[in-house]
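Below is the file target06.txt, which contains compact mmCIF, C-alpha atoms and all ligand atoms.
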# COMPACT_ATOMS: atom_id res chain seq x y z
CA MET A 1 0.00 0.00 0.00
CA VAL A 2 1.30 3.44 -0.95
CA LEU A 3 -0.44 5.44 1.77
CA ASP A 4 -0.87 4.50 5.39
CA VAL A 5 -4.65 4.23 5.74
CA PRO A 6 -6.56 1.28 7.16
CA GLU A 7 -8.81 -0.94 5.12
CA LEU A 8 -12.29 -0.39 6.53
CA LEU A 9 -15.73 -1.69 5.66
CA LEU A 10 -17.56 1.58 4.99
CA LEU A 11 -21.04 1.32 6.49
CA GLY A 12 -21.54 4.95 7.42
CA PRO A 13 -23.44 7.73 5.64
CA GLY A 14 -20.88 7.77 2.80
CA PRO A 15 -18.49 7.24 1.18
CA SER A 16 -19.63 3.68 0.52
CA PRO A 17 -17.35 0.75 -0.46
CA VAL A 18 -16.01 1.03 -4.01
CA PRO A 19 -15.66 -2.20 -6.05
CA ASP A 20 -12.18 -3.03 -7.37
CA ARG A 21 -13.29 -2.59 -10.98
CA THR A 22 -14.30 1.01 -10.30
CA LEU A 23 -11.09 1.73 -8.40
CA ALA A 24 -9.13 0.29 -11.31
CA ALA A 25 -10.99 2.60 -13.72
CA LEU A 26 -9.53 5.57 -11.82
CA GLY A 27 -6.08 4.43 -12.95
CA THR A 28 -6.95 4.38 -16.68
CA PRO A 29 -4.37 6.39 -18.69
CA LEU A 30 -5.45 10.00 -19.09
CA VAL A 31 -6.61 11.48 -22.35
CA GLY A 32 -7.43 15.14 -22.90
CA HIS A 33 -10.86 16.28 -21.82
CA LEU A 34 -11.62 17.21 -25.46
CA ASP A 35 -10.22 13.99 -26.93
CA PRO A 36 -12.73 12.15 -29.16
CA ALA A 37 -12.49 9.04 -26.95
CA PHE A 38 -13.34 11.10 -23.90
CA LEU A 39 -16.21 12.88 -25.65
CA GLU A 40 -17.65 9.47 -26.46
CA LEU A 41 -17.36 8.48 -22.81
CA MET A 42 -19.15 11.71 -21.81
CA ASP A 43 -22.03 10.77 -24.10
CA GLU A 44 -22.21 7.32 -22.51
CA VAL A 45 -22.20 8.78 -19.00
CA GLN A 46 -24.99 11.22 -19.89
CA THR A 47 -27.10 8.47 -21.47
CA ASN A 48 -26.63 6.19 -18.47
CA LEU A 49 -27.42 8.98 -16.02
CA ARG A 50 -30.70 9.59 -17.88
CA SER A 51 -31.55 5.90 -17.40
CA LEU A 52 -30.81 6.17 -13.67
CA PHE A 53 -32.81 9.36 -13.18
CA CYS A 54 -35.61 7.98 -15.43
CA THR A 55 -35.63 11.12 -17.52
CA GLU A 56 -35.39 12.37 -21.09
CA ASN A 57 -33.86 15.67 -19.87
CA THR A 58 -31.14 16.83 -22.28
CA PHE A 59 -29.28 18.68 -19.51
CA THR A 60 -28.17 15.62 -17.54
CA LEU A 61 -24.50 15.49 -16.54
CA PRO A 62 -22.03 15.06 -13.67
CA VAL A 63 -21.07 18.40 -12.09
CA SER A 64 -17.37 18.70 -11.14
CA GLY A 65 -17.70 18.67 -7.36
CA THR A 66 -19.29 16.58 -4.61
CA GLY A 67 -23.04 16.26 -4.08
CA SER A 68 -23.31 19.72 -2.56
CA SER A 69 -22.03 21.29 -5.79
CA GLY A 70 -25.14 19.89 -7.46
CA MET A 71 -27.30 21.74 -4.94
CA ASP A 72 -25.28 24.90 -5.56
CA LEU A 73 -25.67 24.58 -9.33
CA CYS A 74 -29.45 24.19 -9.12
CA LEU A 75 -29.97 27.07 -6.73
CA VAL A 76 -27.55 29.64 -8.18
CA ASN A 77 -29.19 29.18 -11.57
CA LEU A 78 -32.84 28.84 -10.51
CA VAL A 79 -33.12 31.45 -7.74
CA GLU A 80 -33.12 35.23 -8.24
CA PRO A 81 -33.33 37.84 -5.50
CA GLY A 82 -36.87 38.13 -4.13
CA ASP A 83 -38.00 34.70 -5.37
CA ARG A 84 -40.29 32.87 -2.96
CA VAL A 85 -38.79 29.42 -2.30
CA VAL A 86 -40.57 26.80 -0.18
CA ILE A 87 -38.05 24.50 1.50
CA GLY A 88 -38.81 21.37 3.47
CA THR A 89 -36.29 20.89 6.28
CA HIS A 90 -36.34 17.73 8.36
CA GLY A 91 -32.63 17.14 8.65
CA VAL A 92 -29.21 18.63 7.99
CA PHE A 93 -29.42 18.71 4.21
CA GLY A 94 -32.66 20.69 3.96
CA GLY A 95 -30.99 23.24 6.22
CA ARG A 96 -28.21 23.71 3.63
CA MET A 97 -30.72 24.59 0.92
CA LYS A 98 -32.20 27.23 3.19
CA ASP A 99 -28.76 28.74 3.86
CA LEU A 100 -27.92 29.02 0.17
CA VAL A 101 -31.31 30.46 -0.87
CA GLN A 102 -30.90 33.12 1.82
CA ARG A 103 -27.41 33.95 0.50
CA LEU A 104 -28.93 34.34 -2.97
CA GLY A 105 -31.49 36.85 -1.69
CA GLY A 106 -34.45 34.52 -2.07
CA GLU A 107 -37.39 34.62 0.32
CA VAL A 108 -37.31 31.33 2.24
CA VAL A 109 -40.59 29.82 3.40
CA GLU A 110 -39.50 26.96 5.62
CA VAL A 111 -41.60 23.93 6.48
CA SER A 112 -39.69 22.06 9.14
CA ALA A 113 -40.10 18.78 10.97
CA GLU A 114 -38.19 17.28 13.88
CA PHE A 115 -35.13 15.20 12.98
CA GLY A 116 -36.45 11.67 12.44
CA GLN A 117 -39.94 12.73 11.36
CA SER A 118 -41.08 13.04 7.78
CA LEU A 119 -42.20 16.26 6.12
CA ASP A 120 -45.83 17.17 6.69
CA VAL A 121 -47.22 17.06 3.15
CA GLU A 122 -50.24 19.23 4.02
CA ALA A 123 -47.98 21.87 5.53
CA MET A 124 -45.82 21.81 2.38
CA VAL A 125 -48.90 22.18 0.15
CA GLY A 126 -50.22 25.01 2.35
CA ALA A 127 -46.90 26.84 2.10
CA ILE A 128 -46.81 26.39 -1.69
CA GLN A 129 -50.31 27.84 -2.01
CA GLY A 130 -49.58 30.61 0.50
CA GLY A 131 -48.04 32.97 -2.09
CA PRO A 132 -46.53 33.15 -5.58
CA THR A 133 -44.01 30.31 -5.25
CA SER A 134 -41.12 30.11 -7.66
CA LEU A 135 -39.38 26.96 -6.43
CA VAL A 136 -40.08 24.07 -4.02
CA ALA A 137 -37.06 22.20 -2.68
CA PHE A 138 -36.66 19.21 -0.40
CA VAL A 139 -34.61 16.08 0.23
CA HIS A 140 -35.68 12.67 -1.07
CA ALA A 141 -33.68 10.47 1.33
CA GLU A 142 -32.46 12.41 4.38
CA THR A 143 -29.14 10.83 5.24
CA SER A 144 -28.98 12.67 8.56
CA THR A 145 -32.17 10.99 9.82
CA GLY A 146 -32.98 7.99 7.61
CA VAL A 147 -36.35 9.29 6.38
CA LEU A 148 -37.55 8.73 2.78
CA THR A 149 -40.08 11.26 1.46
CA ASP A 150 -42.65 10.51 -1.26
CA PRO A 151 -42.07 13.45 -3.63
CA VAL A 152 -45.24 12.95 -5.72
CA PRO A 153 -47.92 14.87 -3.74
CA ILE A 154 -45.55 17.78 -3.09
CA ALA A 155 -44.41 17.91 -6.73
CA LYS A 156 -48.02 17.89 -7.87
CA ALA A 157 -48.97 20.82 -5.65
CA ALA A 158 -45.91 22.70 -6.91
CA ALA A 159 -46.82 22.08 -10.56
CA ASP A 160 -50.42 23.23 -9.92
CA ALA A 161 -49.00 26.45 -8.47
CA GLY A 162 -46.63 26.96 -11.42
CA ALA A 163 -43.53 26.41 -9.28
CA LEU A 164 -40.47 24.36 -10.19
CA VAL A 165 -39.44 21.42 -7.99
CA MET A 166 -35.90 20.60 -6.85
CA LEU A 167 -35.12 17.23 -5.22
CA ASP A 168 -31.93 16.24 -3.38
CA CYS A 169 -31.33 12.66 -4.56
CA VAL A 170 -27.76 12.40 -3.25
CA THR A 171 -28.39 9.26 -1.21
CA SER A 172 -31.34 7.78 -3.06
CA LEU A 173 -29.97 7.57 -6.63
CA GLY A 174 -28.95 4.01 -7.40
CA GLY A 175 -30.46 2.62 -4.18
CA ALA A 176 -34.16 3.42 -4.49
CA PRO A 177 -36.39 4.46 -7.41
CA VAL A 178 -35.82 8.01 -8.65
CA GLU A 179 -38.21 8.82 -11.52
CA LEU A 180 -37.84 12.47 -12.42
CA ASP A 181 -40.15 12.63 -15.43
CA ARG A 182 -42.99 10.60 -13.92
CA TRP A 183 -42.78 12.50 -10.64
CA GLY A 184 -42.55 15.95 -12.27
CA ILE A 185 -39.16 16.96 -10.81
CA ASP A 186 -37.42 19.88 -12.58
CA ALA A 187 -34.03 19.80 -10.88
CA ALA A 188 -32.34 16.85 -9.19
CA PHE A 189 -28.80 16.23 -8.05
CA SER A 190 -26.91 13.32 -6.54
CA GLY A 191 -23.41 12.32 -5.44
CA THR A 192 -21.14 9.52 -6.56
CA GLN A 193 -20.12 8.18 -3.14
CA LYS A 194 -23.44 6.92 -1.82
CA CYS A 195 -25.46 4.25 -3.64
CA LEU A 196 -23.41 4.50 -6.86
CA SER A 197 -20.29 3.25 -5.00
CA VAL A 198 -17.90 5.55 -6.83
CA PRO A 199 -15.43 7.76 -4.87
CA PRO A 200 -16.68 11.24 -3.90
CA GLY A 201 -16.05 14.01 -6.41
CA LEU A 202 -18.91 14.32 -8.90
CA ALA A 203 -22.54 15.38 -8.65
CA PRO A 204 -24.81 13.70 -11.22
CA LEU A 205 -27.52 16.25 -12.02
CA SER A 206 -30.51 16.74 -14.28
CA LEU A 207 -32.58 19.81 -15.22
CA SER A 208 -35.92 19.74 -17.05
CA ALA A 209 -36.71 21.84 -20.12
CA ARG A 210 -38.88 24.03 -17.85
CA ALA A 211 -35.91 24.63 -15.57
CA ILE A 212 -33.66 25.51 -18.54
CA GLU A 213 -36.32 27.91 -19.81
CA ARG A 214 -36.56 29.55 -16.39
CA ILE A 215 -32.78 30.01 -16.39
CA SER A 216 -32.71 31.52 -19.87
CA ASN A 217 -35.36 34.04 -18.76
CA ARG A 218 -33.33 35.26 -15.75
CA THR A 219 -33.12 39.02 -15.39
CA SER A 220 -29.59 38.78 -13.91
CA ARG A 221 -26.73 36.43 -14.72
CA PRO A 222 -26.24 33.50 -12.29
CA PRO A 223 -23.91 34.63 -9.48
CA SER A 224 -21.46 31.77 -10.13
CA TRP A 225 -19.19 31.45 -13.14
CA TYR A 226 -18.13 27.84 -12.50
CA LEU A 227 -21.69 26.57 -12.13
CA ASP A 228 -23.36 28.71 -14.81
CA VAL A 229 -25.69 26.34 -16.72
CA GLY A 230 -25.34 28.31 -19.96
CA LEU A 231 -21.55 28.12 -19.87
CA LEU A 232 -21.49 24.45 -18.84
CA ASN A 233 -23.83 23.63 -21.67
CA GLY A 234 -21.15 24.85 -24.07
CA TYR A 235 -18.98 21.90 -22.99
CA TRP A 236 -21.46 19.15 -22.14
CA GLY A 237 -23.97 20.18 -24.84
CA GLY A 238 -23.20 19.81 -28.54
CA ASP A 239 -20.45 22.40 -28.99
CA ARG A 240 -17.78 20.91 -26.70
CA VAL A 241 -16.19 24.27 -25.98
CA TYR A 242 -13.63 24.42 -23.18
CA HIS A 243 -15.12 25.71 -19.94
CA HIS A 244 -13.12 23.99 -17.20
CA THR A 245 -10.94 20.89 -17.35
CA ALA A 246 -13.23 17.95 -16.67
CA PRO A 247 -11.96 15.67 -13.87
CA VAL A 248 -11.13 12.94 -16.37
CA SER A 249 -10.21 10.18 -13.91
CA MET A 250 -13.36 10.65 -11.85
CA ILE A 251 -15.45 10.48 -14.99
CA TYR A 252 -13.72 7.18 -15.83
CA ALA A 253 -14.73 5.92 -12.39
CA LEU A 254 -18.30 7.15 -12.77
CA ALA A 255 -18.57 5.57 -16.23
CA SER A 256 -17.44 2.26 -14.77
CA GLY A 257 -19.77 2.60 -11.75
CA LEU A 258 -22.77 3.37 -13.95
CA GLN A 259 -22.05 0.37 -16.18
CA ARG A 260 -22.05 -1.79 -13.08
CA VAL A 261 -25.35 -0.36 -11.81
CA LEU A 262 -27.07 -0.93 -15.14
CA GLU A 263 -25.60 -4.44 -15.51
CA GLU A 264 -27.16 -5.39 -12.20
CA GLY A 265 -30.45 -3.80 -13.27
CA LEU A 266 -32.25 -1.06 -11.37
CA GLU A 267 -35.11 -3.20 -10.06
CA LEU A 268 -32.79 -5.89 -8.73
CA ARG A 269 -30.53 -3.27 -7.19
CA PHE A 270 -33.41 -1.57 -5.38
CA ALA A 271 -34.69 -4.95 -4.16
CA ARG A 272 -31.20 -5.77 -2.84
CA HIS A 273 -31.12 -2.53 -0.85
CA ARG A 274 -34.60 -3.23 0.60
CA GLU A 275 -33.80 -6.85 1.51
CA VAL A 276 -30.49 -6.08 3.16
CA ALA A 277 -32.05 -3.23 5.15
CA ALA A 278 -34.86 -5.56 6.30
CA ALA A 279 -32.22 -8.04 7.50
CA LEU A 280 -30.59 -5.28 9.55
CA TYR A 281 -33.96 -4.30 11.09
CA ARG A 282 -34.58 -7.95 12.13
CA GLY A 283 -31.17 -8.15 13.75
CA LEU A 284 -31.57 -5.04 15.90
CA GLU A 285 -34.17 -6.38 18.32
CA PRO A 286 -31.97 -9.16 19.80
CA LEU A 287 -29.38 -6.44 20.43
CA GLY A 288 -31.97 -4.43 22.39
CA LEU A 289 -31.99 -1.68 19.75
CA GLU A 290 -34.64 -0.13 17.57
CA CYS A 291 -34.95 2.15 14.57
CA LEU A 292 -35.65 5.85 15.04
CA VAL A 293 -37.92 6.07 11.99
CA PRO A 294 -41.30 4.26 11.66
CA ALA A 295 -41.12 1.33 9.19
CA ALA A 296 -43.16 2.99 6.43
CA GLU A 297 -40.93 6.08 6.29
CA ARG A 298 -37.50 4.47 6.38
CA THR A 299 -35.02 4.85 3.57
CA PRO A 300 -33.37 1.46 2.96
CA MET A 301 -29.81 2.67 2.39
CA LEU A 302 -29.47 4.51 5.72
CA THR A 303 -30.79 3.25 9.04
CA THR A 304 -30.82 5.36 12.19
CA VAL A 305 -30.51 3.21 15.29
CA VAL A 306 -31.52 4.58 18.72
CA LEU A 307 -28.86 3.92 21.37
CA PRO A 308 -29.38 3.10 25.06
CA GLU A 309 -29.58 6.11 27.38
CA GLY A 310 -26.15 7.15 28.68
CA PHE A 311 -24.19 4.90 26.29
CA ASP A 312 -20.74 6.26 25.37
CA GLU A 313 -21.21 5.97 21.64
CA VAL A 314 -18.03 7.83 20.64
CA THR A 315 -15.75 5.29 22.37
CA ALA A 316 -17.84 2.39 21.12
CA ARG A 317 -17.72 3.67 17.54
CA ARG A 318 -13.96 3.98 17.86
CA THR A 319 -13.73 0.35 19.00
CA ILE A 320 -15.89 -0.71 16.05
CA ARG A 321 -13.44 1.06 13.77
CA ASP A 322 -10.22 -0.09 15.42
CA GLN A 323 -11.14 -3.68 16.25
CA HIS A 324 -13.91 -4.61 13.83
CA ARG A 325 -12.58 -2.45 10.97
CA ILE A 326 -15.99 -0.99 10.21
CA GLU A 327 -16.95 2.66 9.81
CA ILE A 328 -20.44 3.63 10.93
CA GLY A 329 -21.84 7.14 11.43
CA GLY A 330 -22.80 9.06 14.56
CA GLY A 331 -25.84 11.31 14.91
CA LEU A 332 -26.01 14.85 13.55
CA GLY A 333 -27.73 17.92 14.98
CA SER A 334 -30.32 17.10 17.63
CA LEU A 335 -29.53 13.38 17.18
CA LYS A 336 -25.86 13.73 18.17
CA GLY A 337 -24.90 11.11 20.77
CA ARG A 338 -28.35 9.50 20.59
CA VAL A 339 -28.17 7.43 17.41
CA TRP A 340 -25.90 5.56 15.06
CA ARG A 341 -26.32 5.79 11.33
CA ILE A 342 -25.74 2.55 9.44
CA GLY A 343 -25.33 2.91 5.70
CA LEU A 344 -25.95 -0.10 3.48
CA MET A 345 -25.25 1.64 0.20
CA GLY A 346 -24.39 0.33 -3.24
CA HIS A 347 -21.58 -2.24 -3.02
CA GLY A 348 -21.93 -2.17 0.80
CA ALA A 349 -25.54 -3.40 0.68
CA GLN A 350 -24.73 -7.07 1.25
CA MET A 351 -25.71 -9.66 3.86
CA THR A 352 -22.10 -9.98 5.02
CA SER A 353 -22.13 -6.25 5.86
CA VAL A 354 -25.25 -6.78 7.98
CA THR A 355 -23.88 -9.69 9.97
CA ARG A 356 -20.52 -7.98 10.48
CA VAL A 357 -22.04 -4.74 11.71
CA LEU A 358 -24.55 -6.52 13.98
CA THR A 359 -21.71 -8.52 15.51
CA ALA A 360 -19.63 -5.39 16.06
CA MET A 361 -22.50 -3.42 17.60
CA GLY A 362 -23.48 -6.33 19.82
CA ASP A 363 -19.91 -6.75 21.08
CA VAL A 364 -19.48 -3.11 22.10
CA LEU A 365 -22.92 -3.04 23.74
CA ARG A 366 -22.08 -6.13 25.80
CA GLU A 367 -18.72 -4.68 26.79
CA ALA A 368 -20.60 -1.65 28.13
CA GLY A 369 -22.89 -3.93 30.15
CA HIS A 370 -25.95 -3.88 27.92
CA PRO A 371 -27.73 -7.16 27.19
CA ALA A 372 -27.20 -7.97 23.52
CA ASP A 373 -27.59 -11.41 21.97
CA VAL A 374 -25.24 -11.47 19.00
CA PRO A 375 -25.94 -15.05 17.78
CA ALA A 376 -29.68 -14.35 17.89
CA ALA A 377 -29.17 -11.09 16.02
CA THR A 378 -27.19 -12.61 13.16
CA ALA A 379 -29.59 -15.56 13.01
CA ALA A 380 -32.59 -13.19 12.81
CA ALA A 381 -30.86 -11.23 10.05
CA ARG A 382 -30.30 -14.41 8.02
CA THR A 383 -33.92 -15.64 8.23
C1 LIG B 401 -24.10 13.33 1.36
C2 LIG B 401 -25.29 14.19 1.10
C3 LIG B 401 -25.18 15.50 0.61
C4 LIG B 401 -23.87 16.20 0.42
O1 LIG B 401 -23.07 15.60 -0.50
P1 LIG B 401 -21.48 15.85 -0.47
O2 LIG B 401 -21.02 14.87 -1.49
O3 LIG B 401 -21.04 15.56 0.91
O4 LIG B 401 -21.25 17.24 -0.88
C5 LIG B 401 -26.34 16.19 0.34
N1 LIG B 401 -27.56 15.63 0.56
C6 LIG B 401 -27.71 14.39 1.04
C7 LIG B 401 -29.06 13.84 1.28
C8 LIG B 401 -26.57 13.63 1.34
O5 LIG B 401 -26.71 12.40 1.82

As structure tokens, please, write out the structure in this file.
Amino acid sequence: MVLDVPELLLLGPGPSPVPDRTLAALGTPLVGHLDPAFLELMDEVQTNLRSLFCTENTFTLPVSGTGSSGMDLCLVNLVEPGDRVVIGTHGVFGGRMKDLVQRLGGEVVEVSAEFGQSLDVEAMVGAIQGGPTSLVAFVHAETSTGVLTDPVPIAKAAADAGALVMLDCVTSLGGAPVELDRWGIDAAFSGTQKCLSVPPGLAPLSLSARAIERISNRTSRPPSWYLDVGLLNGYWGGDRVYHHTAPVSMIYALASGLQRVLEEGLELRFARHREVAAALYRGLEPLGLECLVPAAERTPMLTTVVLPEGFDEVTARRTIRDQHRIEIGGGLGSLKGRVWRIGLMGHGAQMTSVTRVLTAMGDVLREAGHPADVPAATAAART
């Protein structure tokens, strides 16, 4: 090994484990970012991203940056000062959207829910109808809490009000159905390091024709040069004009990761995520643990587990890393110290991940004097 880092099983909120084939793709010899072979690869990546997002949107591409850069691109192009933007916040990532819209001079109408609860659809609809709404934004799978939101009723209310809809699909894409065209989503972004099992560094993104039209009718230019949709379209659209140097190696990795996702097949991949999550749920009870989120609202790729009162989770998580060689996530915001976040994403969504993490959690709970039946937990997971 060239660098001194441990080999860990990544079962936290991301990055997820990357298969060897995708890692190897990173090492492919470089070509120029305007080389015909690379342009062909760009076309393939765009086509495959459309399949994943279930969309015909022309403007579908990987933004050079992590998932958050996708959020930035959508908002700096779609929001103008004074625009009324309804934002659902029920976790950390909705809060980021609010921050950026405020920076852009938009008028934020926030519909919030406690961490761990889902968005109140009626409250969202009421907020959308409460004034001339320009954009409605919320998170599909909240990685900070483990809640999955059904975007359809909210998107419908937005369309009826003439508003555009933006959906954060960073964690859901590749692990649960994301159907932009059928759902009526105008702007969606994701990240490579969650259910796509590619290293962090790109933000797959798609904008509808309505969103592009809105952007071309702006009264002011977007306040970002790097993320200006019009300029980016010069490179990723037909003309292939230099804008910035595409991160060639990361696009190799994404191309390889997307091939893998489509080879498995979306339906089978989603089923795998659901089945592996269900196995984890079954294994928690014998450990004396339960999920934070009610069964119907859980997102399969990220499970929030409520910890016993007074349990020193920081030390226990460190032991899980050092001795069991597994990374899991701690709680964020109001959930800090109260929960663990177990990610079963992409290549990590396997039965062996479930049994390994149940064993590790059970061991540290027992060491701290909590009753936890590890053999029963792994047996329940396997049934
Ligand atoms: C991880 C994540 C992000 C942020 O992505 P980065 O790649 O860390 O920039 C945004 N939203 C959700 C739901 C996420 O899970």

Neighbours of Val314 of chain A within 9 Å (only C-alpha atoms; same-chain residues fewer than 4 positions away dropped), as a PyMOL selection string?
chain A and resi 318-319+330+337

Cut-off 8 Å, all atoms listed in the file, neighbours of ligand LIG 401 (chain B) as a PyMOL selection string:
chain A and resi 13-14+65-69+71+93-94+139-144+168-172+190-194+200-203

Expressed in Å to a single decimal, how great is the separation between atom CA of Leu10 of chain A and atom CA of Gly175 of chain A?
15.9 Å

In the coordinates of the file, take the point (-30.3, -6.3, 14.4) and a cut-off of 12 Å; then, counting all atoms listed in the file, name each qualifying protein, DNA or RNA residue as a tab-separated table (two decimals) with C-alpha atoms, in the frame of the given file.
chain	number	residue	atom	x	y	z
A	276	VAL	CA	-30.49	-6.08	3.16
A	277	ALA	CA	-32.05	-3.23	5.15
A	278	ALA	CA	-34.86	-5.56	6.30
A	279	ALA	CA	-32.22	-8.04	7.50
A	280	LEU	CA	-30.59	-5.28	9.55
A	281	TYR	CA	-33.96	-4.30	11.09
A	282	ARG	CA	-34.58	-7.95	12.13
A	283	GLY	CA	-31.17	-8.15	13.75
A	284	LEU	CA	-31.57	-5.04	15.90
A	285	GLU	CA	-34.17	-6.38	18.32
A	286	PRO	CA	-31.97	-9.16	19.80
A	287	LEU	CA	-29.38	-6.44	20.43
A	288	GLY	CA	-31.97	-4.43	22.39
A	289	LEU	CA	-31.99	-1.68	19.75
A	290	GLU	CA	-34.64	-0.13	17.57
A	291	CYS	CA	-34.95	2.15	14.57
A	303	THR	CA	-30.79	3.25	9.04
A	304	THR	CA	-30.82	5.36	12.19
A	305	VAL	CA	-30.51	3.21	15.29
A	306	VAL	CA	-31.52	4.58	18.72
A	342	ILE	CA	-25.74	2.55	9.44
A	351	MET	CA	-25.71	-9.66	3.86
A	353	SER	CA	-22.13	-6.25	5.86
A	354	VAL	CA	-25.25	-6.78	7.98
A	355	THR	CA	-23.88	-9.69	9.97
A	356	ARG	CA	-20.52	-7.98	10.48
A	357	VAL	CA	-22.04	-4.74	11.71
A	358	LEU	CA	-24.55	-6.52	13.98
A	359	THR	CA	-21.71	-8.52	15.51
A	360	ALA	CA	-19.63	-5.39	16.06
A	361	MET	CA	-22.50	-3.42	17.60
A	362	GLY	CA	-23.48	-6.33	19.82
A	372	ALA	CA	-27.20	-7.97	23.52
A	373	ASP	CA	-27.59	-11.41	21.97
A	374	VAL	CA	-25.24	-11.47	19.00
A	375	PRO	CA	-25.94	-15.05	17.78
A	376	ALA	CA	-29.68	-14.35	17.89
A	377	ALA	CA	-29.17	-11.09	16.02
A	378	THR	CA	-27.19	-12.61	13.16
A	379	ALA	CA	-29.59	-15.56	13.01
A	380	ALA	CA	-32.59	-13.19	12.81
A	381	ALA	CA	-30.86	-11.23	10.05
A	382	ARG	CA	-30.30	-14.41	8.02
A	383	THR	CA	-33.92	-15.64	8.23

Extract, using all atoms listed in the file, all DNA, RNA and protein residues at most 8 Å from Val125 of chain A, discarding same-chain residues fewer than 3 positions from it, and format them as a ChimeraX atom specification.
/A:121-122,128-129,154,157-158

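All protein and nucleic acid residues in the vicinity of (-37.2, 12.4, 7.1), that is within 6 Å when counting only C-alpha atoms, are His90, Gly116, Gln117, Ser118, Glu142, Thr145, Val147 and Leu148 of chain A.
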
Looking at A:Thr245, A:Asn57, A:Ser16, A:Ser208, which one is nearest to Asp35 of chain A, with distances taken over all atoms listed in the file?
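The closest residue to Asp35 of chain A is A:Thr245.
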
Using only C-alpha atoms, can you tell me which of A:Arg103, A:Arg325, A:Arg260, A:Lys156 comes closest to Asp20 of chain A?
A:Arg260

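Between atom CA of Leu11 of chain A and atom CA of Glu327 of chain A the separation is 5.4 Å.
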
Please measure the separation of atom CA of Arg321 of chain A and atom CA of Cys195 of chain A, giving the value in Å to one decimal.
21.4 Å

Selection near Met301 of chain A, 6 Å with all atoms listed in the file, sequence-local residues under 2 positions removed, as a PDB file with C-alpha atoms, in the frame of the given file:
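Okay, out-v4.pdb is ready:
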ATOM      1  CA  THR A 299     -35.020   4.850   3.570  1.00  0.00           C
ATOM      2  CA  GLY A 343     -25.330   2.910   5.700  1.00  0.00           C
ATOM      3  CA  LEU A 344     -25.950  -0.100   3.480  1.00  0.00           C
ATOM      4  CA  MET A 345     -25.250   1.640   0.200  1.00  0.00           C
TER       5      MET A 345
END

Which is closer to Arg182 of chain A than all the others in A:Leu9, A:Ala155, A:Ile328, A:Ala295, using only C-alpha atoms?
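Among A:Leu9, A:Ala155, A:Ile328, A:Ala295, it is A:Ala155 that comes nearest to Arg182 of chain A.
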
Using all atoms listed in the file, find the one residue out of A:Phe311, A:Phe270, A:Trp225, A:Tyr235 that sits nearest to Leu39 of chain A.
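Result for the nearest residue to Leu39 of chain A: A:Tyr235.
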
Which residue gives the smallest distance to Pro81 of chain A among A:Ala368, A:Val63, A:Leu104, A:Ala211, with all atoms listed in the file counted?
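Going through A:Ala368, A:Val63, A:Leu104, A:Ala211 one by one, the smallest distance to Pro81 of chain A is for A:Leu104.
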
Of the listed residues A:Ser134, A:Thr89, A:Ser220, A:Asn48, that which approaches Ala113 of chain A most closely, counting all atoms listed in the file
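Of A:Ser134, A:Thr89, A:Ser220, A:Asn48, the one nearest Ala113 of chain A is A:Thr89, counting all atoms listed in the file.
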
His347 of chain A: which residues within 7 Å, counting all atoms listed in the file, same-chain residues fewer than 3 positions away excluded, as a PyMOL selection string?
chain A and resi 17-19+197
